[in-house]
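Below you'll find the structure, written out as structure tokens, and then a few comments.
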Amino acid sequence: MESVLPDLLQQENTIFDSEIKALKNWNLWPTFEYYVKALKKEYLYQSHIHGVAHIERVLLFGGLIAMQNHCNEEDTKLLLIACSYHDIGRIDDSLDDDHGRRSSEKLPSVISLSSEDMAIVQAAIYSHSIDDSRMENVIASFGILDKARAIKIAKILKDADALDRVRVYDLDPNYLRFPCSCQYVNFANSLYSYYRNLLGY
């Protein structure tokens, strides 16, 4: 397994100190740390492009964006679950707009949630691989009561996933949905380089 994040979060005096210290000072740090440790790696797609390392980086970006957006604990929990399992329906590493739908369908076999929470996470996962213009229709199709909440979680997931597009040299900050996401572009590049050097990509 290409797991790096749990050890990285315990280190001090790294080039990522400012981001990691900010997370550790966040009131939801215990929630973030829990979902990093609880990641069910056996369900993840096995690949150095969309596998464990990618998921860990998306979790980290998701946590940072949630922190900057002052998300509450329940929304942060659902976001981190979405970050964890958004690619479990992948069948290869190609451009595949349908893998979000397949991942959302597999989610209930991975984790148990209330019906509303499950619908929100499934809708976010489904939406992450399609154009933003289709997001509201997808969320409506899940019968979600709080659509604004679901849209916010889906958009944070999309930004967290997009930040890791640095690994395929295809990140355009102009398409990020939250201003705070743009401040992590350099961090995303440095983090990917750290993973690549450590794992020998």
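Ordered as shown in the structure tokens, chains take letters A, B, and onward, while each chain numbers its residues from 1 and ligands are numbered from 1 in the order shown.
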**Request:** With a distance cut-off of 10 Å and only C-alpha atoms, select the neighbouring residues of range 128-131 of chain A, excluding the residue or stretch itself and same-chain residues fewer than 3 positions from it, and output the selection as a list in words.
**Result:** Ala82, Cys83, His86, Asp87, Leu95, Asp96, Asp97, Asp98, His99, Gly100, Arg101, Ala123, Ala124, Ile125, Arg134, Met135, Val138, Ala154, Lys155, Ile156, Leu157, Lys158, Asp159, Ala160, Asp161 and Ala162 of chain A
Limited to N, CA and C atoms, could you put the picked residues into a file as a compact mmCIF listing (two decimals), in the first residue's frame?
# COMPACT_ATOMS: atom_id res chain seq x y z
N ALA A 82 -16.74 11.09 1.43
CA ALA A 82 -16.77 11.24 -0.03
C ALA A 82 -15.36 11.28 -0.60
N CYS A 83 -14.47 12.00 0.05
CA CYS A 83 -13.06 12.05 -0.40
C CYS A 83 -12.45 10.65 -0.38
N HIS A 86 -14.42 8.23 -3.36
CA HIS A 86 -14.96 8.77 -4.60
C HIS A 86 -14.51 8.02 -5.85
N ASP A 87 -13.45 7.21 -5.74
CA ASP A 87 -12.94 6.50 -6.92
C ASP A 87 -13.09 4.98 -6.83
N LEU A 95 -9.77 8.70 -18.69
CA LEU A 95 -10.84 9.67 -18.52
C LEU A 95 -12.16 8.92 -18.57
N ASP A 96 -12.95 9.01 -17.52
CA ASP A 96 -14.14 8.16 -17.39
C ASP A 96 -15.19 8.92 -16.61
N ASP A 97 -16.09 9.60 -17.32
CA ASP A 97 -17.10 10.42 -16.65
C ASP A 97 -18.09 9.59 -15.83
N ASP A 98 -18.15 8.30 -16.07
CA ASP A 98 -19.14 7.45 -15.42
C ASP A 98 -18.64 6.81 -14.13
N HIS A 99 -17.36 7.01 -13.79
CA HIS A 99 -16.85 6.31 -12.61
C HIS A 99 -17.44 6.88 -11.31
N GLY A 100 -17.89 8.12 -11.34
CA GLY A 100 -18.54 8.67 -10.15
C GLY A 100 -19.85 7.97 -9.86
N ARG A 101 -20.62 7.71 -10.91
CA ARG A 101 -21.87 6.98 -10.72
C ARG A 101 -21.60 5.58 -10.17
N ALA A 123 -24.46 11.41 -3.84
CA ALA A 123 -24.64 12.47 -4.83
C ALA A 123 -23.34 13.22 -5.07
N ALA A 124 -22.59 13.49 -4.00
CA ALA A 124 -21.31 14.18 -4.15
C ALA A 124 -20.33 13.34 -4.97
N ILE A 125 -20.27 12.05 -4.66
CA ILE A 125 -19.38 11.14 -5.38
C ILE A 125 -19.79 11.03 -6.84
N ARG A 134 -24.43 19.71 -14.42
CA ARG A 134 -25.33 18.59 -14.15
C ARG A 134 -25.50 18.31 -12.66
N MET A 135 -24.75 19.01 -11.82
CA MET A 135 -24.71 18.68 -10.40
C MET A 135 -26.07 18.80 -9.72
N VAL A 138 -28.36 15.93 -10.58
CA VAL A 138 -27.95 14.69 -9.93
C VAL A 138 -28.37 14.70 -8.47
N ALA A 154 -20.45 18.58 -2.39
CA ALA A 154 -20.04 18.12 -3.71
C ALA A 154 -18.99 19.03 -4.32
N LYS A 155 -19.15 20.34 -4.15
CA LYS A 155 -18.19 21.29 -4.72
C LYS A 155 -16.84 21.22 -4.01
N ILE A 156 -16.85 21.02 -2.70
CA ILE A 156 -15.58 20.88 -1.99
C ILE A 156 -14.87 19.62 -2.44
N LEU A 157 -15.62 18.52 -2.59
CA LEU A 157 -15.00 17.29 -3.11
C LEU A 157 -14.39 17.52 -4.48
N LYS A 158 -15.10 18.22 -5.35
CA LYS A 158 -14.58 18.46 -6.70
C LYS A 158 -13.29 19.28 -6.65
N ASP A 159 -13.23 20.28 -5.77
CA ASP A 159 -12.00 21.08 -5.66
C ASP A 159 -10.86 20.25 -5.07
N ALA A 160 -11.16 19.45 -4.05
CA ALA A 160 -10.12 18.62 -3.44
C ALA A 160 -9.55 17.64 -4.46
N ASP A 161 -10.42 17.04 -5.24
CA ASP A 161 -9.99 16.10 -6.29
C ASP A 161 -9.23 16.84 -7.37
N ALA A 162 -9.70 18.02 -7.74
CA ALA A 162 -9.05 18.80 -8.80
C ALA A 162 -7.64 19.22 -8.42
**Contacts of range 50-55 of chain A within 7 Å, only C-alpha atoms, excl. fewer than 6 positions in-chain, as a PyMOL selection string** = chain A and resi 1-3+41+44+83-84+93
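Separating CA of Arg102 in chain A from CA of Gln122 in chain A is a distance of 9.8 Å.
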**Asked** So which residues touch Lys40 in chain A within 10 Å, counting only C-alpha atoms, skipping near sequence neighbours fewer than 3 positions away, as a list in words?
**Response** Tyr35, Val36, Lys37, Tyr43, Leu44, Val52, Ser84, Tyr85, Val110 and Ile111 of chain A
**Prompt:** Between A:Glu74, A:Asp170, A:Glu42, A:Asp17, which one has atoms that come closest to Leu113 in chain A, using only C-alpha atoms?
**Reply:** A:Glu74
**Request:** Taking the DSSP assignment computed from this structure's backbone, write out as a PyMOL selection string all residues of range 35-80 of chain A that belong to helix (DSSP H, G or I).
**Result:** chain A and resi 35-37+41-43+52-68+73-80
Let's have the selection written as a short mmCIF file (atom, residue, chain, number, x, y, z; two decimals), in the first residue's frame, with N, CA and C atoms.
data_model
loop_
_atom_site.label_atom_id
_atom_site.label_comp_id
_atom_site.auth_asym_id
_atom_site.auth_seq_id
_atom_site.Cartn_x
_atom_site.Cartn_y
_atom_site.Cartn_z
N TYR A 35 -10.85 9.96 10.21
CA TYR A 35 -11.14 9.46 8.87
C TYR A 35 -9.88 9.12 8.08
N VAL A 36 -8.77 9.77 8.38
CA VAL A 36 -7.51 9.35 7.78
C VAL A 36 -7.16 7.94 8.24
N LYS A 37 -7.29 7.69 9.54
CA LYS A 37 -6.94 6.37 10.08
C LYS A 37 -7.97 5.30 9.71
N LYS A 41 -8.64 0.80 2.95
CA LYS A 41 -7.82 0.75 1.74
C LYS A 41 -8.15 -0.43 0.84
N GLU A 42 -8.71 -1.47 1.42
CA GLU A 42 -9.02 -2.65 0.62
C GLU A 42 -10.11 -2.39 -0.42
N TYR A 43 -10.88 -1.31 -0.25
CA TYR A 43 -11.93 -0.99 -1.21
C TYR A 43 -11.45 -0.03 -2.31
N VAL A 52 -4.37 4.64 -3.39
CA VAL A 52 -4.27 5.09 -2.00
C VAL A 52 -3.63 6.48 -1.89
N ALA A 53 -2.54 6.70 -2.59
CA ALA A 53 -1.83 7.98 -2.48
C ALA A 53 -2.72 9.14 -2.93
N HIS A 54 -3.42 8.95 -4.03
CA HIS A 54 -4.34 9.98 -4.51
C HIS A 54 -5.43 10.25 -3.49
N ILE A 55 -6.01 9.21 -2.95
CA ILE A 55 -7.09 9.37 -1.97
C ILE A 55 -6.58 10.11 -0.74
N GLU A 56 -5.39 9.77 -0.26
CA GLU A 56 -4.85 10.48 0.91
C GLU A 56 -4.67 11.96 0.63
N ARG A 57 -4.18 12.29 -0.55
CA ARG A 57 -3.99 13.72 -0.86
C ARG A 57 -5.34 14.43 -0.97
N VAL A 58 -6.33 13.77 -1.56
CA VAL A 58 -7.66 14.38 -1.65
C VAL A 58 -8.26 14.56 -0.26
N LEU A 59 -8.06 13.60 0.63
CA LEU A 59 -8.50 13.76 2.02
C LEU A 59 -7.86 15.00 2.66
N LEU A 60 -6.58 15.17 2.43
CA LEU A 60 -5.86 16.31 3.01
C LEU A 60 -6.39 17.63 2.44
N PHE A 61 -6.55 17.69 1.12
CA PHE A 61 -7.10 18.90 0.51
C PHE A 61 -8.54 19.14 1.00
N GLY A 62 -9.32 18.07 1.08
CA GLY A 62 -10.70 18.22 1.55
C GLY A 62 -10.76 18.79 2.96
N GLY A 63 -9.90 18.29 3.83
CA GLY A 63 -9.86 18.81 5.19
C GLY A 63 -9.51 20.28 5.23
N LEU A 64 -8.51 20.67 4.45
CA LEU A 64 -8.09 22.07 4.44
C LEU A 64 -9.19 22.99 3.90
N ILE A 65 -9.86 22.56 2.83
CA ILE A 65 -10.93 23.38 2.26
C ILE A 65 -12.12 23.46 3.20
N ALA A 66 -12.45 22.34 3.84
CA ALA A 66 -13.55 22.34 4.83
C ALA A 66 -13.22 23.29 5.98
N MET A 67 -11.98 23.26 6.43
CA MET A 67 -11.55 24.14 7.52
C MET A 67 -11.70 25.60 7.10
N GLN A 68 -11.24 25.93 5.90
CA GLN A 68 -11.31 27.32 5.43
C GLN A 68 -12.75 27.78 5.24
N GLU A 73 -19.14 19.84 11.92
CA GLU A 73 -18.61 18.49 12.06
C GLU A 73 -19.35 17.49 11.17
N GLU A 74 -20.66 17.60 11.09
CA GLU A 74 -21.43 16.64 10.28
C GLU A 74 -21.10 16.77 8.80
N ASP A 75 -21.01 18.00 8.30
CA ASP A 75 -20.67 18.20 6.89
C ASP A 75 -19.24 17.74 6.60
N THR A 76 -18.34 18.01 7.54
CA THR A 76 -16.95 17.58 7.36
C THR A 76 -16.86 16.06 7.34
N LYS A 77 -17.60 15.40 8.19
CA LYS A 77 -17.62 13.94 8.20
C LYS A 77 -18.06 13.40 6.85
N LEU A 78 -19.15 13.92 6.32
CA LEU A 78 -19.66 13.43 5.03
C LEU A 78 -18.68 13.74 3.90
N LEU A 79 -18.08 14.92 3.95
CA LEU A 79 -17.08 15.27 2.94
C LEU A 79 -15.90 14.30 2.96
N LEU A 80 -15.39 14.00 4.14
CA LEU A 80 -14.22 13.13 4.24
C LEU A 80 -14.54 11.70 3.79
#
**Message:** Give me, as a PyMOL selection string, all polymer residues having an atom no more than 12 Å from Ser18 in chain A, counting only C-alpha atoms and skipping those fewer than 4 positions away in the same chain.
**Reply:** chain A and resi 9+12-14+22-25+64+184+187
Go ahead and dump the residues you just picked, N, CA and C atoms, as an mmCIF file, in the first residue's frame.
data_model
loop_
_atom_site.group_PDB
_atom_site.id
_atom_site.type_symbol
_atom_site.label_atom_id
_atom_site.label_comp_id
_atom_site.auth_asym_id
_atom_site.auth_seq_id
_atom_site.Cartn_x
_atom_site.Cartn_y
_atom_site.Cartn_z
ATOM 1 N N LEU A 9 1.516 13.311 8.918
ATOM 2 C CA LEU A 9 0.807 14.127 9.897
ATOM 3 C C LEU A 9 1.476 14.114 11.269
ATOM 4 N N GLU A 12 7.322 16.638 12.189
ATOM 5 C CA GLU A 12 7.487 18.065 12.442
ATOM 6 C C GLU A 12 8.643 18.583 11.609
ATOM 7 N N ASN A 13 8.656 19.905 11.428
ATOM 8 C CA ASN A 13 9.730 20.565 10.680
ATOM 9 C C ASN A 13 9.835 20.061 9.244
ATOM 10 N N THR A 14 8.670 19.916 8.600
ATOM 11 C CA THR A 14 8.649 19.593 7.174
ATOM 12 C C THR A 14 8.219 20.845 6.416
ATOM 13 N N ALA A 22 -2.060 24.081 10.908
ATOM 14 C CA ALA A 22 -3.404 24.665 10.812
ATOM 15 C C ALA A 22 -4.466 23.591 11.052
ATOM 16 N N LEU A 23 -4.274 22.427 10.451
ATOM 17 C CA LEU A 23 -5.224 21.330 10.668
ATOM 18 C C LEU A 23 -5.251 20.901 12.129
ATOM 19 N N LYS A 24 -4.087 20.801 12.743
ATOM 20 C CA LYS A 24 -4.035 20.350 14.132
ATOM 21 C C LYS A 24 -4.633 21.372 15.099
ATOM 22 N N ASN A 25 -4.680 22.635 14.700
ATOM 23 C CA ASN A 25 -5.307 23.666 15.525
ATOM 24 C C ASN A 25 -6.799 23.823 15.235
ATOM 25 N N LEU A 64 -8.514 20.671 4.454
ATOM 26 C CA LEU A 64 -8.091 22.075 4.436
ATOM 27 C C LEU A 64 -9.189 22.986 3.899
ATOM 28 N N TYR A 184 -4.034 26.660 -2.313
ATOM 29 C CA TYR A 184 -3.356 25.385 -2.087
ATOM 30 C C TYR A 184 -2.739 24.792 -3.352
ATOM 31 N N PHE A 187 0.946 24.155 -2.721
ATOM 32 C CA PHE A 187 0.991 23.056 -1.760
ATOM 33 C C PHE A 187 0.719 21.730 -2.461
#
**Prompt:** Skipping near chain neighbours, those fewer than 4 positions away, what residues fall within 8 Å of Glu116 in chain A using only C-alpha atoms, listed as a VMD selection string?
**Reply:** chain A and resid 120 144 to 145
Those residues you just picked out, can you put them in a file as a CSV table (one decimal), in the first residue's frame with N, CA and C atoms?
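See selection17.csv below for the written result:
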chain,number,residue,atom,x,y,z
A,120,ILE,N,-26.5,12.1,0.4
A,120,ILE,CA,-25.6,13.3,0.2
A,120,ILE,C,-24.3,12.9,-0.3
A,144,ILE,N,-32.6,14.4,-2.0
A,144,ILE,CA,-32.0,15.0,-0.8
A,144,ILE,C,-32.8,16.2,-0.3
A,145,LEU,N,-33.0,16.3,1.0
A,145,LEU,CA,-33.9,17.3,1.6
A,145,LEU,C,-33.1,18.7,1.6
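Take the candidates A:Ser94, A:Gln10, A:Ser127, A:Asn72 and check each one against Ser47 in chain A using only C-alpha atoms; the shortest distance goes to A:Ser94.
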**Fill in**
Min atom-atom distance to Ala148 in chain A from the set A:Leu28, A:Tyr45, A:Glu136, A:Leu176, counting only C-alpha atoms, belongs to A:Glu136
**Request:** To one decimal in Å, tell me the separation between CA of Ala188 in chain A and CA of Leu5 in chain A.
**Result:**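 Answer for the CA of Ala188 in chain A to CA of Leu5 in chain A separation: 13.5 Å.
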**Request:** Extract, using only C-alpha atoms, all DNA, RNA and protein residues at most 12 Å from Arg196 in chain A, discarding same-chain residues fewer than 3 positions from it, and format them as a ChimeraX atom specification.
**Result:** /A:2-4,48-49,53-54,57,166-167,189-193,199-201
Please write the residues from the selection above to a file, keeping all heavy atoms, as a short mmCIF file (atom, residue, chain, number, x, y, z; two decimals), in the first residue's frame.
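Below you can see part-v9.cif, which holds the result:
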data_model
loop_
_atom_site.label_atom_id
_atom_site.label_comp_id
_atom_site.auth_asym_id
_atom_site.auth_seq_id
_atom_site.Cartn_x
_atom_site.Cartn_y
_atom_site.Cartn_z
N GLU A 2 0.40 2.27 -0.71
CA GLU A 2 1.19 3.49 -0.86
C GLU A 2 0.76 4.56 0.14
O GLU A 2 0.56 5.71 -0.20
CB GLU A 2 1.06 3.99 -2.29
CG GLU A 2 1.58 2.99 -3.33
CD GLU A 2 1.36 3.47 -4.75
OE1 GLU A 2 0.40 4.21 -5.00
OE2 GLU A 2 2.17 3.11 -5.61
N SER A 3 0.60 4.18 1.39
CA SER A 3 0.12 5.09 2.41
C SER A 3 1.26 5.95 2.95
O SER A 3 2.30 5.43 3.38
CB SER A 3 -0.53 4.29 3.55
OG SER A 3 -1.04 5.17 4.52
N VAL A 4 1.04 7.25 2.96
CA VAL A 4 2.05 8.20 3.41
C VAL A 4 1.47 9.16 4.45
O VAL A 4 2.15 9.55 5.40
CB VAL A 4 2.59 9.01 2.20
CG1 VAL A 4 3.47 10.18 2.65
CG2 VAL A 4 3.35 8.11 1.23
N HIS A 48 -1.26 3.83 -8.98
CA HIS A 48 -0.50 4.96 -8.44
C HIS A 48 -1.09 6.29 -8.91
O HIS A 48 -0.67 7.35 -8.45
CB HIS A 48 0.99 4.86 -8.82
CG HIS A 48 1.30 5.21 -10.23
ND1 HIS A 48 1.23 4.29 -11.25
CD2 HIS A 48 1.69 6.38 -10.80
CE1 HIS A 48 1.57 4.87 -12.38
NE2 HIS A 48 1.84 6.14 -12.14
N ILE A 49 -2.09 6.24 -9.80
CA ILE A 49 -2.73 7.47 -10.27
C ILE A 49 -4.01 7.75 -9.49
O ILE A 49 -4.27 8.88 -9.08
CB ILE A 49 -3.03 7.39 -11.79
CG1 ILE A 49 -1.71 7.28 -12.56
CG2 ILE A 49 -3.82 8.63 -12.25
CD1 ILE A 49 -1.89 7.13 -14.06
N ALA A 53 -2.54 6.70 -2.59
CA ALA A 53 -1.83 7.98 -2.48
C ALA A 53 -2.72 9.14 -2.93
O ALA A 53 -2.76 10.20 -2.28
CB ALA A 53 -0.54 7.92 -3.30
N HIS A 54 -3.42 8.95 -4.03
CA HIS A 54 -4.34 9.98 -4.51
C HIS A 54 -5.43 10.25 -3.49
O HIS A 54 -5.72 11.42 -3.17
CB HIS A 54 -4.95 9.54 -5.85
CG HIS A 54 -6.15 10.34 -6.27
ND1 HIS A 54 -6.08 11.69 -6.57
CD2 HIS A 54 -7.46 9.98 -6.45
CE1 HIS A 54 -7.28 12.12 -6.91
NE2 HIS A 54 -8.14 11.11 -6.84
N ARG A 57 -4.18 12.29 -0.55
CA ARG A 57 -3.99 13.72 -0.86
C ARG A 57 -5.34 14.43 -0.97
O ARG A 57 -5.48 15.56 -0.50
CB ARG A 57 -3.17 13.86 -2.15
CG ARG A 57 -1.72 13.38 -1.99
CD ARG A 57 -0.86 13.76 -3.18
NE ARG A 57 -1.30 13.15 -4.42
CZ ARG A 57 -0.86 11.99 -4.91
NH1 ARG A 57 0.05 11.30 -4.22
NH2 ARG A 57 -1.30 11.53 -6.07
N VAL A 166 -2.58 17.96 -10.33
CA VAL A 166 -1.17 18.29 -10.58
C VAL A 166 -0.38 17.04 -10.98
O VAL A 166 0.61 17.12 -11.70
CB VAL A 166 -0.51 18.96 -9.36
CG1 VAL A 166 -1.17 20.30 -9.06
CG2 VAL A 166 -0.54 18.06 -8.13
N ARG A 167 -0.86 15.86 -10.54
CA ARG A 167 -0.13 14.62 -10.82
C ARG A 167 -0.22 14.24 -12.30
O ARG A 167 0.60 13.44 -12.77
CB ARG A 167 -0.65 13.47 -9.95
CG ARG A 167 -2.01 12.93 -10.35
CD ARG A 167 -2.66 12.14 -9.24
NE ARG A 167 -3.87 11.45 -9.64
CZ ARG A 167 -5.03 12.05 -9.88
NH1 ARG A 167 -5.14 13.36 -9.78
NH2 ARG A 167 -6.08 11.32 -10.24
N ASN A 189 1.28 20.90 -5.56
CA ASN A 189 2.47 20.52 -6.33
C ASN A 189 3.56 19.95 -5.43
O ASN A 189 4.16 18.92 -5.74
CB ASN A 189 3.01 21.73 -7.10
CG ASN A 189 2.29 21.97 -8.41
OD1 ASN A 189 2.36 21.15 -9.33
ND2 ASN A 189 1.58 23.08 -8.51
N SER A 190 3.80 20.61 -4.31
CA SER A 190 4.84 20.15 -3.39
C SER A 190 4.48 18.81 -2.77
O SER A 190 5.33 17.93 -2.60
CB SER A 190 5.08 21.19 -2.29
OG SER A 190 5.54 22.40 -2.83
N LEU A 191 3.21 18.64 -2.44
CA LEU A 191 2.77 17.39 -1.82
C LEU A 191 2.91 16.23 -2.80
O LEU A 191 3.37 15.15 -2.42
CB LEU A 191 1.32 17.52 -1.36
CG LEU A 191 0.76 16.33 -0.58
CD1 LEU A 191 1.49 16.17 0.76
CD2 LEU A 191 -0.75 16.50 -0.34
N TYR A 192 2.53 16.45 -4.05
CA TYR A 192 2.67 15.37 -5.03
C TYR A 192 4.14 15.02 -5.23
O TYR A 192 4.50 13.84 -5.31
CB TYR A 192 2.03 15.75 -6.37
CG TYR A 192 2.25 14.67 -7.40
CD1 TYR A 192 1.68 13.40 -7.23
CD2 TYR A 192 3.08 14.87 -8.49
CE1 TYR A 192 1.91 12.38 -8.15
CE2 TYR A 192 3.31 13.86 -9.41
CZ TYR A 192 2.73 12.62 -9.23
OH TYR A 192 2.97 11.61 -10.13
N SER A 193 5.01 16.01 -5.29
CA SER A 193 6.44 15.74 -5.42
C SER A 193 6.96 14.94 -4.25
O SER A 193 7.79 14.02 -4.41
CB SER A 193 7.22 17.06 -5.55
OG SER A 193 6.88 17.72 -6.74
N LEU A 199 7.72 7.44 -2.88
CA LEU A 199 7.21 6.18 -3.40
C LEU A 199 7.87 5.73 -4.70
O LEU A 199 7.59 4.65 -5.21
CB LEU A 199 5.69 6.26 -3.62
CG LEU A 199 4.88 6.56 -2.34
CD1 LEU A 199 3.41 6.78 -2.67
CD2 LEU A 199 5.03 5.43 -1.32
N GLY A 200 8.74 6.57 -5.23
CA GLY A 200 9.50 6.18 -6.42
C GLY A 200 8.73 6.18 -7.71
O GLY A 200 8.96 5.34 -8.58
N TYR A 201 7.81 7.11 -7.89
CA TYR A 201 7.05 7.20 -9.15
C TYR A 201 7.98 7.64 -10.27
O TYR A 201 8.84 8.47 -10.10
CB TYR A 201 5.92 8.21 -9.05
CG TYR A 201 4.79 7.81 -8.14
CD1 TYR A 201 3.92 8.77 -7.65
CD2 TYR A 201 4.57 6.47 -7.77
CE1 TYR A 201 2.87 8.43 -6.83
CE2 TYR A 201 3.52 6.13 -6.93
CZ TYR A 201 2.68 7.11 -6.46
OH TYR A 201 1.63 6.78 -5.64
#
**Fill in**
From CA of Tyr195 in chain A to CA of Pro6 in chain A the spacing works out at 12.6 Å
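Considering only C-alpha atoms, the residue among A:Ser104, A:Ser109, A:Ser141, A:Asn27 positioned nearest to Val121 in chain A is A:Ser104.
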